[in-house]
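Engineer: Right, I'll just put the structure down here and ask away after.
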2 protein chains.
Amino acid sequence: MTTQAAGADRPATIHDIAARCGVAASTVSRALSTPDRVNIRTRERIEAAAAALNYRPNIQAKALSSGRTSAVGVLVPDITNPFYFDLIRGTQLQLKAAGYTQLLVDTEESDEVEATTVDQLQKSADGIIVAASRLTDEALLAAASTMPLVVINRDVPGVPAVIIDTPSATSQALDHLVSLGHTRIAYIAGPATSQSSSRRWTALAVAAEERGVEVRRLGPFAPKTQSGAAAADAAVHSGVTACLAFNDLIAIGMLQRLRERGLRVPEDMSIVGCDDIFGADFCNPPLTTMSSPIEQAGRVAVSMLLAQLNPLAGGGTRSRSVMPTHLTVRGSTGLAPKDTVERS
Amino acid sequence: MTTQAAGADRPATIHDIAARCGVAASTVSRALSTPDRVNIRTRERIEAAAAALNYRPNIQAKALSSGRTSAVGVLVPDITNPFYFDLIRGTQLQLKAAGYTQLLVDTEESDEVEATTVDQLQKSADGIIVAASRLTDEALLAAASTMPLVVINRDVPGVPAVIIDTPSATSQALDHLVSLGHTRIAYIAGPATSQSSSRRWTALAVAAEERGVEVRRLGPFAPKTQSGAAAADAAVHSGVTACLAFNDLIAIGMLQRLRERGLRVPEDMSIVGCDDIFGADFCNPPLTTMSSPIEQAGRVAVSMLLAQLNPLAGGGTRSRSVMPTHLTVRGSTGLAPKDTVERS
DNA sequence: CAACAAATGACAACCGATTGCCAATAGCTG
DNA sequence: CAGCTATTGGCAATCGGTTGTCATTTGTTG
């Protein structure tokens, strides 16, 4: 009366469907993946049976036989950095929409973990998105030649990338500070291995030269609020009246430290952050910062990766996408103090 | 001279290793997975060959033949909620340490997405951790009977759970407010479907009764900063002098709104948050809140899940774990105002 | 030294899908 | 209605491991 699988508690396979419809398993496979190659009536029967049996394709088996995993690895240096929240959400949404699973990995700011992960993902993912990579250019190029890969905030010739254009916003920020009368300014650098940080510094140095103001570089500092204390102290000691921080975490940490030291922001010191992360608008004072379309960057990265995965789907494959940024002025920047705070 | 695979660019398989060592593929499999069952010398040869060929087991194939995927799904309602950052990091660290891959899914506060995801993960994960589930008790029980599952912040008899004990901290918070002279207090409720919210309200109502103070419930409100504005307005209108918010996001949103309305915190209104998320310490004023060991909760959840997965590994399987919380007093709470702000 | 148990290695059947190849069938033309 | 082509369906190999079964070898004991 009933076929072997009818009513079985074991999840249904294409074989169960095939048996139920009296066709071969391969026909079921085709009906579900390439519907055009199967008779419409047969297909409908198969689809009905699949629905009746509550059939779910086994992803592992699919991956094994087809070589495609329908998964994409997303590597970020630090999950608890709010910057990556929005990025992750962007990639997750876009990947899900395209039927892919996101494999999220926190590489803990370590190039070794990153390299290992990339290596392991070789066979368990169709492609990789790497944010703020700590790998060398060569390693990235090598990885990109092995499998589809998109980097975020990293500029390596030959590697598809989404770049958030903070250097240009940095110039805006500099203009902002200069217009407020600041002439001695510090750049609070990020990790030594961060290309974003060095790119921004380069842009800043050029812009400072053009405007005839002094910008010195302090750091490197880890991109965490805790590092803000040391950064603040270094800034105060260097006698600058304004700081451009590598990111909002450091900037927020600086705000806290300056407050502890009894210095007022922005009266005694102006602070500019970068990224406009969660918290930048409600810290005290609210942070002037460079806003980036982070979630959008994640979505664009996914699109670029998918373009590599399905080259047929038209659309010239852009290999580099620059996301615009802008300065958001809040309360942490103000007129330069009349007297220098330290060292007259 | 060279075997088929030596120097091949195709990733090495156990068959390549087997050929290289002159043994059967199954021997290689055993040597790598159950080393005790293979001669030590043979094993060493195999291990050497594996290293030489840079062998990486194919996870898909492993999963297909063994039925174990070495992956665990982690479902959270909203990736961009800082509360979950620490949770995710906790699960990620612990899972990685145990050799599992974390499949992170943002269920977008939707019970439907959640149900679908649980269903899909059936075969692509060995177990599931669900934070702040929006599913019904029945649905959760059903899911838990299908596959290993641990819930976080959800109490359903028969479902292993990690509970963050906010109700008890809530009493502490109430005492704190009462000691400051507050007698009219509001509980700013979270989502209607959130069990955490209702559990806390229950505890609060009891404690309020005991202490002879009035606590009214306002809401429900979505757990986002944006909802804080409406919550603040509702609180002001209700004439209370202190609020216990469902979580820090709402509390921070309330701080912002109250400031906009020209009300001072804590002079005119005291605010208590919950979770002590990123940002709670540097908002303005810094938030008095109930601190939870969130990352630890994630780790415990993973441990409980792994205990289900490997029942042999000794250790009685705890099916319920309560994480302690405590009140962290900062600047958002203070003495009750002499005159009521509104409605005399 | 014979006999027996324990340890070990090889074979082959899966796991659940995909896919190349060929056969059967359909519909079409002449 | 025969003969042809264009579709469509089925067989079987394959992906890379795991695992049960069994034969062989090794080592130990009487």
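Ligands are numbered from 1 in the order shown, residues from 1 within each chain, and chains are lettered A, B, ... in the order they appear in the structure tokens.
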Name the residues in contact with Glu260 in chain B at a cut-off of 10 Å, using only C-alpha atoms (C1' of nucleotides), excluding same-chain residues fewer than 5 positions from it; report them as a list in words.
Structural biologist: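 My list of contacting residues is Ala229, Met254 and Leu255 of chain B.
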Engineer: Which residues are near range 1-11 of chain D? Cut-off 12 Å, only C-alpha atoms (C1' of nucleotides), ignore same chain within fewer than 2 positions. Put them as a short mmCIF file (atom, residue, chain, number, x, y, z; two decimals) with N, CA and C atoms (P, O5', C5', C4', C3', O3' and C1' of nucleotides), in the first residue's frame.
Structural biologist:
data_model
loop_
_atom_site.label_atom_id
_atom_site.label_comp_id
_atom_site.auth_asym_id
_atom_site.auth_seq_id
_atom_site.Cartn_x
_atom_site.Cartn_y
_atom_site.Cartn_z
N ALA A 18 11.29 9.59 -5.99
CA ALA A 18 11.33 8.81 -7.22
C ALA A 18 10.44 7.58 -7.11
N GLY A 22 7.37 6.76 -9.36
CA GLY A 22 7.70 5.76 -10.36
C GLY A 22 8.68 6.24 -11.41
N VAL A 23 9.58 7.09 -11.02
CA VAL A 23 10.61 7.55 -11.96
C VAL A 23 11.97 7.31 -11.33
N ALA A 24 13.01 7.63 -12.08
CA ALA A 24 14.35 7.45 -11.54
C ALA A 24 14.75 8.65 -10.69
N ALA A 25 15.69 8.41 -9.79
CA ALA A 25 16.14 9.48 -8.91
C ALA A 25 16.70 10.65 -9.71
N SER A 26 17.40 10.32 -10.78
CA SER A 26 18.00 11.40 -11.56
C SER A 26 16.94 12.32 -12.15
N THR A 27 15.82 11.73 -12.49
CA THR A 27 14.74 12.56 -13.02
C THR A 27 14.25 13.53 -11.96
N VAL A 28 14.17 13.04 -10.76
CA VAL A 28 13.75 13.93 -9.67
C VAL A 28 14.77 15.05 -9.52
N SER A 29 16.03 14.68 -9.52
CA SER A 29 17.08 15.69 -9.40
C SER A 29 16.93 16.75 -10.48
N ARG A 30 16.75 16.31 -11.72
CA ARG A 30 16.61 17.27 -12.82
C ARG A 30 15.36 18.12 -12.66
N ALA A 31 14.28 17.46 -12.29
CA ALA A 31 13.02 18.19 -12.16
C ALA A 31 13.17 19.33 -11.17
N PRO A 35 14.33 22.45 -14.18
CA PRO A 35 12.93 22.11 -14.48
C PRO A 35 12.63 22.05 -15.98
N ASP A 36 13.37 22.79 -16.77
CA ASP A 36 13.07 22.85 -18.21
C ASP A 36 13.34 21.51 -18.90
N ARG A 37 14.21 20.75 -18.31
CA ARG A 37 14.61 19.53 -18.98
C ARG A 37 13.72 18.33 -18.64
N VAL A 38 12.59 18.63 -18.06
CA VAL A 38 11.69 17.55 -17.65
C VAL A 38 10.25 17.88 -18.03
N ASN A 39 9.55 16.87 -18.44
CA ASN A 39 8.15 17.04 -18.82
C ASN A 39 7.37 17.76 -17.72
N ILE A 40 6.57 18.70 -18.18
CA ILE A 40 5.86 19.54 -17.22
C ILE A 40 4.97 18.73 -16.27
N ARG A 41 4.33 17.70 -16.83
CA ARG A 41 3.43 16.90 -15.98
C ARG A 41 4.23 16.09 -14.96
N THR A 42 5.31 15.49 -15.46
CA THR A 42 6.18 14.73 -14.55
C THR A 42 6.69 15.65 -13.45
N ARG A 43 7.09 16.81 -13.89
CA ARG A 43 7.65 17.74 -12.93
C ARG A 43 6.63 18.07 -11.85
P DT C 19 25.76 19.05 -11.66
"O5'" DT C 19 26.12 17.97 -12.77
"C5'" DT C 19 27.22 17.10 -12.54
"C4'" DT C 19 27.26 16.03 -13.60
"C3'" DT C 19 26.68 16.44 -14.97
"O3'" DT C 19 27.53 15.93 -15.98
"C1'" DT C 19 25.70 14.45 -14.26
P DG C 20 27.69 16.73 -17.33
"O5'" DG C 20 28.38 15.64 -18.27
"C5'" DG C 20 29.44 14.84 -17.75
"C4'" DG C 20 29.41 13.44 -18.34
"C3'" DG C 20 29.11 13.40 -19.85
"O3'" DG C 20 29.89 12.35 -20.44
"C1'" DG C 20 27.44 12.20 -18.69
P DC C 21 29.96 12.25 -22.01
"O5'" DC C 21 29.01 11.02 -22.30
"C5'" DC C 21 29.20 9.80 -21.56
"C4'" DC C 21 28.03 8.87 -21.77
"C3'" DC C 21 27.52 8.80 -23.22
"O3'" DC C 21 27.54 7.46 -23.65
"C1'" DC C 21 25.72 9.09 -21.71
P DC C 22 27.39 7.15 -25.22
"O5'" DC C 22 26.01 6.36 -25.24
"C5'" DC C 22 25.82 5.30 -24.30
"C4'" DC C 22 24.34 5.08 -24.08
"C3'" DC C 22 23.54 4.86 -25.38
"O3'" DC C 22 22.71 3.73 -25.21
"C1'" DC C 22 22.50 6.48 -24.04
P DA C 23 22.09 3.01 -26.51
"O5'" DA C 23 20.58 2.84 -26.05
"C5'" DA C 23 20.31 2.32 -24.75
"C4'" DA C 23 18.90 2.69 -24.35
"C3'" DA C 23 17.85 2.38 -25.42
"O3'" DA C 23 16.68 1.89 -24.79
"C1'" DA C 23 17.80 4.69 -24.90
P DA C 24 15.60 1.12 -25.65
"O5'" DA C 24 14.30 1.98 -25.39
"C5'" DA C 24 13.97 2.35 -24.06
"C4'" DA C 24 13.07 3.57 -24.08
"C3'" DA C 24 11.90 3.45 -25.07
"O3'" DA C 24 10.71 3.80 -24.40
"C1'" DA C 24 13.07 5.47 -25.42
P DT C 25 9.32 3.29 -25.04
"O5'" DT C 25 8.54 4.66 -25.18
"C5'" DT C 25 8.74 5.69 -24.19
"C4'" DT C 25 8.64 7.04 -24.85
"C3'" DT C 25 7.49 7.19 -25.84
"O3'" DT C 25 6.49 8.00 -25.28
"C1'" DT C 25 9.48 8.26 -26.57
P DA C 26 5.04 8.06 -25.98
"O5'" DA C 26 4.98 9.55 -26.50
"C5'" DA C 26 5.41 10.63 -25.65
"C4'" DA C 26 5.92 11.77 -26.52
"C3'" DA C 26 4.97 12.13 -27.66
"O3'" DA C 26 4.20 13.27 -27.27
"C1'" DA C 26 7.25 12.02 -28.40
P DG C 27 3.00 13.71 -28.25
"O5'" DG C 27 3.72 14.61 -29.35
"C5'" DG C 27 4.64 15.63 -28.96
"C4'" DG C 27 5.38 16.12 -30.20
"C3'" DG C 27 4.46 16.55 -31.35
"O3'" DG C 27 4.91 17.79 -31.88
"C1'" DG C 27 5.99 14.94 -32.12
P DC C 28 3.97 18.60 -32.90
"O5'" DC C 28 4.79 18.51 -34.26
"C5'" DC C 28 6.17 18.86 -34.27
"C4'" DC C 28 6.83 18.29 -35.52
"C3'" DC C 28 6.06 18.58 -36.81
"O3'" DC C 28 6.74 19.61 -37.54
"C1'" DC C 28 6.87 16.32 -36.72
P DT C 29 6.02 20.22 -38.85
"O5'" DT C 29 6.69 19.38 -40.02
"C5'" DT C 29 8.13 19.25 -40.06
"C4'" DT C 29 8.51 18.15 -41.03
"C3'" DT C 29 7.94 18.34 -42.45
"O3'" DT C 29 8.99 18.35 -43.39
"C1'" DT C 29 7.53 16.13 -41.66
P DG C 30 8.62 18.77 -44.90
"O5'" DG C 30 8.52 17.36 -45.62
"C5'" DG C 30 9.61 16.44 -45.55
"C4'" DG C 30 9.20 15.13 -46.20
"C3'" DG C 30 8.57 15.29 -47.60
"O3'" DG C 30 9.05 14.26 -48.45
"C1'" DG C 30 7.08 14.12 -46.19
P DA D 13 28.66 1.60 -13.07
"O5'" DA D 13 29.73 2.77 -13.05
"C5'" DA D 13 29.94 3.53 -14.24
"C4'" DA D 13 30.35 4.94 -13.87
"C3'" DA D 13 31.39 5.01 -12.74
"O3'" DA D 13 32.39 5.95 -13.09
"C1'" DA D 13 29.52 6.33 -12.18
#
Engineer: Neighbouring residues of DT14 in chain D were defined as those with any atom within 10 Å, considering only C-alpha atoms (C1' of nucleotides); residues of the same chain fewer than 2 positions away were excluded. Please report them as a list in words.
Structural biologist: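 Once the nearby chain positions are removed, what remains is Leu64, Ser65 and Ser66 of chain A; DT18 and DT19 of chain C; DA12 and DG16 of chain D.
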Engineer: Can you tell me how far CA of Ala208 in chain B sits from CA of Asp175 in chain B, in Å to one decimal?
Structural biologist: 9.2 Å
Engineer: List as JSON lines every residue of chain A that is in contact with chain B, defined as an atom at most 7 Å from one of its atoms (using only C-alpha atoms), together with the nearest atom pair and the distance in Å rounded to one decimal, sorted by chain and then rising number.
Structural biologist:
{"residue": "A:Asn58", "atom": "CA", "partner": "B:Lys123", "partner_atom": "CA", "distance": 6.6}
{"residue": "A:Ile59", "atom": "CA", "partner": "B:Ser124", "partner_atom": "CA", "distance": 6.6}
{"residue": "A:Gln60", "atom": "CA", "partner": "B:Gln60", "partner_atom": "CA", "distance": 5.0}
{"residue": "A:Ala61", "atom": "CA", "partner": "B:Leu64", "partner_atom": "CA", "distance": 5.9}
{"residue": "A:Ala63", "atom": "CA", "partner": "B:Gln60", "partner_atom": "CA", "distance": 6.5}
{"residue": "A:Leu64", "atom": "CA", "partner": "B:Gln60", "partner_atom": "CA", "distance": 5.8}
{"residue": "A:Ile79", "atom": "CA", "partner": "B:Arg89", "partner_atom": "CA", "distance": 6.5}
{"residue": "A:Thr80", "atom": "CA", "partner": "B:Phe85", "partner_atom": "CA", "distance": 5.3}
{"residue": "A:Phe85", "atom": "CA", "partner": "B:Thr80", "partner_atom": "CA", "distance": 5.3}
{"residue": "A:Asp86", "atom": "CA", "partner": "B:Thr80", "partner_atom": "CA", "distance": 6.4}
{"residue": "A:Arg89", "atom": "CA", "partner": "B:Ile79", "partner_atom": "CA", "distance": 6.5}
{"residue": "A:Gln102", "atom": "CA", "partner": "B:Leu103", "partner_atom": "CA", "distance": 7.0}
{"residue": "A:Leu103", "atom": "CA", "partner": "B:Leu103", "partner_atom": "CA", "distance": 5.7}
{"residue": "A:Leu104", "atom": "CA", "partner": "B:Leu104", "partner_atom": "CA", "distance": 6.6}
{"residue": "A:Lys123", "atom": "CA", "partner": "B:Asn58", "partner_atom": "CA", "distance": 6.7}
{"residue": "A:Ser124", "atom": "CA", "partner": "B:Ile59", "partner_atom": "CA", "distance": 6.6}
{"residue": "A:Gly279", "atom": "CA", "partner": "B:Gly279", "partner_atom": "CA", "distance": 5.8}
{"residue": "A:Phe282", "atom": "CA", "partner": "B:Cys283", "partner_atom": "CA", "distance": 5.5}
{"residue": "A:Cys283", "atom": "CA", "partner": "B:Cys283", "partner_atom": "CA", "distance": 4.5}
{"residue": "A:Asn284", "atom": "CA", "partner": "B:Asn284", "partner_atom": "CA", "distance": 5.5}
Engineer: Would you mind listing what lies within 10 Å of Ala161 in chain A as a short mmCIF file (atom, residue, chain, number, x, y, z; two decimals) with N, CA and C atoms, in the first residue's frame, with only C-alpha atoms (C1' of nucleotides) counted and same-chain residues fewer than 6 positions away left out?
Structural biologist:
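around_13.cif, written as the output of this step:
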data_model
loop_
_atom_site.label_atom_id
_atom_site.label_comp_id
_atom_site.auth_asym_id
_atom_site.auth_seq_id
_atom_site.Cartn_x
_atom_site.Cartn_y
_atom_site.Cartn_z
N ILE A 129 34.73 36.34 1.72
CA ILE A 129 34.79 37.79 1.86
C ILE A 129 35.65 38.07 3.08
N VAL A 130 36.67 38.85 2.88
CA VAL A 130 37.60 39.12 3.98
C VAL A 130 37.59 40.61 4.30
N ALA A 131 37.20 40.94 5.50
CA ALA A 131 37.19 42.34 5.91
C ALA A 131 38.47 42.67 6.64
N LEU A 149 37.14 35.48 -4.21
CA LEU A 149 37.42 36.18 -2.97
C LEU A 149 37.21 37.67 -3.18
N VAL A 150 36.66 38.31 -2.18
CA VAL A 150 36.50 39.76 -2.22
C VAL A 150 37.01 40.31 -0.91
N VAL A 151 37.82 41.34 -0.99
CA VAL A 151 38.29 41.95 0.25
C VAL A 151 37.54 43.26 0.50
N ILE A 152 37.46 43.62 1.73
CA ILE A 152 36.84 44.88 2.11
C ILE A 152 37.88 45.73 2.81
N ASN A 153 38.00 46.96 2.37
CA ASN A 153 38.98 47.88 2.95
C ASN A 153 40.41 47.38 2.81
N ARG A 154 40.70 46.94 1.63
CA ARG A 154 42.05 46.50 1.37
C ARG A 154 42.27 46.64 -0.13
N ASP A 155 43.36 47.26 -0.49
CA ASP A 155 43.60 47.55 -1.90
C ASP A 155 44.80 46.75 -2.38
N VAL A 300 27.48 45.07 -1.27
CA VAL A 300 28.23 45.19 -2.52
C VAL A 300 29.28 44.08 -2.61
N ALA A 301 29.92 43.81 -1.51
CA ALA A 301 30.94 42.75 -1.51
C ALA A 301 30.31 41.43 -1.93
N MET A 304 29.62 41.40 -5.64
CA MET A 304 30.84 41.19 -6.43
C MET A 304 31.26 39.73 -6.39
N LEU A 305 31.09 39.13 -5.23
CA LEU A 305 31.47 37.72 -5.11
C LEU A 305 30.54 36.85 -5.95
N ARG A 318 32.65 44.12 -11.93
CA ARG A 318 33.50 45.17 -11.39
C ARG A 318 34.47 44.52 -10.43
N SER A 319 35.69 44.99 -10.42
CA SER A 319 36.63 44.35 -9.53
C SER A 319 37.04 45.31 -8.41
N ARG A 320 36.40 46.45 -8.39
CA ARG A 320 36.78 47.40 -7.36
C ARG A 320 35.61 48.37 -7.19
N SER A 321 35.21 48.53 -5.97
CA SER A 321 34.06 49.37 -5.73
C SER A 321 34.38 50.31 -4.57
N VAL A 322 34.24 51.58 -4.81
CA VAL A 322 34.58 52.54 -3.77
C VAL A 322 33.31 53.11 -3.16
#
Engineer: List every residue of range 104-229 of chain B that DSSP, applied to the backbone of this structure, assigns to helix (DSSP H, G or I), and report them as a compact mmCIF listing (two decimals) with N, CA and C atoms, in the first residue's frame.
Structural biologist:
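Wrote it out as selection-v6.txt, contents follow:
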# COMPACT_ATOMS: atom_id res chain seq x y z
N ASP B 111 9.30 34.96 14.04
CA ASP B 111 9.14 33.56 14.40
C ASP B 111 9.12 32.68 13.15
N GLU B 112 8.65 33.25 12.06
CA GLU B 112 8.61 32.47 10.82
C GLU B 112 10.01 32.15 10.31
N VAL B 113 10.82 33.19 10.21
CA VAL B 113 12.19 32.98 9.78
C VAL B 113 12.87 31.98 10.71
N GLU B 114 12.58 32.14 11.98
CA GLU B 114 13.20 31.25 12.96
C GLU B 114 12.79 29.80 12.71
N ALA B 115 11.51 29.58 12.52
CA ALA B 115 11.02 28.22 12.30
C ALA B 115 11.62 27.63 11.03
N THR B 116 11.63 28.40 9.98
CA THR B 116 12.20 27.93 8.71
C THR B 116 13.66 27.56 8.88
N THR B 117 14.38 28.42 9.58
CA THR B 117 15.80 28.18 9.76
C THR B 117 16.05 26.91 10.55
N VAL B 118 15.32 26.75 11.63
CA VAL B 118 15.47 25.54 12.43
C VAL B 118 15.22 24.32 11.55
N ASP B 119 14.22 24.42 10.71
CA ASP B 119 13.89 23.32 9.83
C ASP B 119 15.04 23.02 8.87
N GLN B 120 15.58 24.05 8.29
CA GLN B 120 16.65 23.86 7.31
C GLN B 120 17.93 23.35 7.95
N LEU B 121 18.14 23.75 9.18
CA LEU B 121 19.37 23.36 9.85
C LEU B 121 19.33 21.89 10.27
N GLN B 122 18.15 21.34 10.18
CA GLN B 122 17.94 19.94 10.57
C GLN B 122 19.07 19.04 10.09
N LYS B 123 19.40 19.19 8.82
CA LYS B 123 20.40 18.27 8.27
C LYS B 123 21.76 18.90 8.08
N SER B 124 21.84 20.22 8.19
CA SER B 124 23.14 20.83 7.95
C SER B 124 23.84 21.24 9.23
N ASP B 137 6.24 27.60 22.96
CA ASP B 137 6.80 26.52 23.75
C ASP B 137 6.69 25.19 23.00
N GLU B 138 5.54 24.98 22.40
CA GLU B 138 5.31 23.72 21.70
C GLU B 138 6.30 23.55 20.55
N ALA B 139 6.45 24.62 19.78
CA ALA B 139 7.37 24.54 18.63
C ALA B 139 8.79 24.26 19.10
N LEU B 140 9.17 24.89 20.20
CA LEU B 140 10.52 24.67 20.71
C LEU B 140 10.69 23.23 21.20
N LEU B 141 9.70 22.76 21.91
CA LEU B 141 9.77 21.38 22.39
C LEU B 141 9.88 20.41 21.22
N ALA B 142 9.09 20.66 20.21
CA ALA B 142 9.12 19.79 19.03
C ALA B 142 10.51 19.83 18.40
N ALA B 143 11.05 21.02 18.25
CA ALA B 143 12.37 21.16 17.64
C ALA B 143 13.41 20.44 18.49
N ALA B 144 13.30 20.60 19.81
CA ALA B 144 14.28 19.99 20.70
C ALA B 144 14.21 18.47 20.66
N SER B 145 13.05 17.94 20.35
CA SER B 145 12.95 16.49 20.29
C SER B 145 13.53 15.97 18.99
N THR B 146 13.61 16.83 18.01
CA THR B 146 14.14 16.43 16.71
C THR B 146 15.66 16.40 16.70
N THR B 166 18.00 37.80 35.06
CA THR B 166 17.69 39.22 35.22
C THR B 166 16.58 39.46 36.24
N PRO B 167 15.64 38.55 36.42
CA PRO B 167 14.62 38.84 37.42
C PRO B 167 15.21 39.17 38.79
N SER B 168 16.24 38.43 39.19
CA SER B 168 16.76 38.72 40.53
C SER B 168 17.49 40.06 40.55
N ALA B 169 18.17 40.36 39.47
CA ALA B 169 18.82 41.67 39.42
C ALA B 169 17.77 42.78 39.39
N THR B 170 16.63 42.45 38.84
CA THR B 170 15.57 43.44 38.77
C THR B 170 15.14 43.85 40.18
N SER B 171 15.10 42.87 41.07
CA SER B 171 14.75 43.20 42.45
C SER B 171 15.80 44.12 43.07
N GLN B 172 17.05 43.79 42.79
CA GLN B 172 18.12 44.67 43.27
C GLN B 172 17.92 46.09 42.76
N ALA B 173 17.59 46.16 41.48
CA ALA B 173 17.42 47.46 40.87
C ALA B 173 16.26 48.20 41.53
N LEU B 174 15.22 47.45 41.82
CA LEU B 174 14.07 48.07 42.46
C LEU B 174 14.46 48.61 43.84
N ASP B 175 15.20 47.80 44.58
CA ASP B 175 15.67 48.26 45.89
C ASP B 175 16.48 49.54 45.75
N HIS B 176 17.33 49.53 44.76
CA HIS B 176 18.17 50.70 44.51
C HIS B 176 17.29 51.93 44.30
N LEU B 177 16.28 51.79 43.48
CA LEU B 177 15.41 52.93 43.19
C LEU B 177 14.61 53.34 44.43
N VAL B 178 14.10 52.34 45.12
CA VAL B 178 13.31 52.64 46.32
C VAL B 178 14.16 53.37 47.35
N SER B 179 15.40 52.92 47.48
CA SER B 179 16.29 53.56 48.45
C SER B 179 16.58 55.01 48.08
N GLN B 195 9.93 36.15 26.34
CA GLN B 195 9.69 35.55 27.64
C GLN B 195 10.53 36.25 28.71
N SER B 196 11.71 36.71 28.31
CA SER B 196 12.55 37.44 29.27
C SER B 196 11.77 38.61 29.84
N SER B 197 11.11 39.30 28.95
CA SER B 197 10.39 40.49 29.38
C SER B 197 9.28 40.13 30.36
N SER B 198 8.54 39.11 30.05
CA SER B 198 7.42 38.79 30.94
C SER B 198 7.93 38.22 32.27
N ARG B 199 8.99 37.41 32.22
CA ARG B 199 9.54 36.89 33.46
C ARG B 199 9.97 38.03 34.38
N ARG B 200 10.59 39.02 33.75
CA ARG B 200 11.10 40.11 34.55
C ARG B 200 9.94 40.91 35.16
N TRP B 201 8.92 41.09 34.35
CA TRP B 201 7.77 41.85 34.84
C TRP B 201 7.13 41.13 36.02
N THR B 202 7.01 39.83 35.91
CA THR B 202 6.43 39.06 37.00
C THR B 202 7.22 39.25 38.29
N ALA B 203 8.54 39.10 38.17
CA ALA B 203 9.39 39.26 39.35
C ALA B 203 9.24 40.66 39.92
N LEU B 204 9.16 41.60 39.03
CA LEU B 204 9.09 43.00 39.44
C LEU B 204 7.79 43.29 40.16
N ALA B 205 6.72 42.77 39.62
CA ALA B 205 5.41 43.03 40.23
C ALA B 205 5.37 42.49 41.65
N VAL B 206 5.92 41.30 41.83
CA VAL B 206 5.96 40.71 43.17
C VAL B 206 6.79 41.57 44.11
N ALA B 207 7.98 41.92 43.64
CA ALA B 207 8.89 42.70 44.49
C ALA B 207 8.28 44.05 44.84
N ALA B 208 7.58 44.64 43.90
CA ALA B 208 6.98 45.95 44.13
C ALA B 208 5.91 45.85 45.21
N GLU B 209 5.14 44.79 45.10
CA GLU B 209 4.08 44.53 46.09
C GLU B 209 4.70 44.47 47.49
N GLU B 210 5.76 43.65 47.61
CA GLU B 210 6.42 43.48 48.90
C GLU B 210 6.91 44.80 49.48
N ARG B 211 7.39 45.65 48.59
CA ARG B 211 7.99 46.89 49.07
C ARG B 211 6.99 48.04 49.14
N SER B 227 13.01 52.91 19.68
CA SER B 227 11.79 52.78 20.48
C SER B 227 11.88 53.59 21.76
N GLY B 228 13.10 53.96 22.11
CA GLY B 228 13.30 54.67 23.36
C GLY B 228 12.53 55.98 23.42
N ALA B 229 12.35 56.61 22.28
CA ALA B 229 11.66 57.90 22.25
C ALA B 229 10.22 57.73 22.73
Engineer: Rounded to one decimal place, report the CA of Ser133 in chain B-CA of Pro324 in chain B distance in Å.
Structural biologist: 20.3 Å
Engineer: Near chain B, which residues of chain C fall within 7 Å when you count only C-alpha atoms (C1' of nucleotides), and what do they look like as a list in words?
Structural biologist: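 For chain C, the answer reads DT8, DG9, DA10 and DC15 of chain C.
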Engineer: Could you check which of B:Leu32, B:Cys21, B:Ala186, B:Val74 is closest to chain D, using only C-alpha atoms (C1' of nucleotides)?
Structural biologist: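 Looking at the shortest contact to chain D, the residue is B:Leu32.
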Engineer: Pull out every residue of chain D that has at least one atom within 12 Å of chain B, counting only C-alpha atoms (C1' of nucleotides), and report them as number ranges by chain.
Structural biologist: D: 15-20, 25-26
Engineer: Could you check which of C:DA17, C:DC1, C:DA6, C:DA12 is closest to DG30 in chain D, using only C-alpha atoms (C1' of nucleotides)?
Structural biologist: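 Residue with the minimum atom-to-atom distance to DG30 in chain D: C:DC1.
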Engineer: Tell me, which residues of range 46-156 of chain B carry DSSP strand (DSSP E or B), written as a PyMOL selection string?
Structural biologist: chain B and resi 71-76+101-106+127-131+149-152
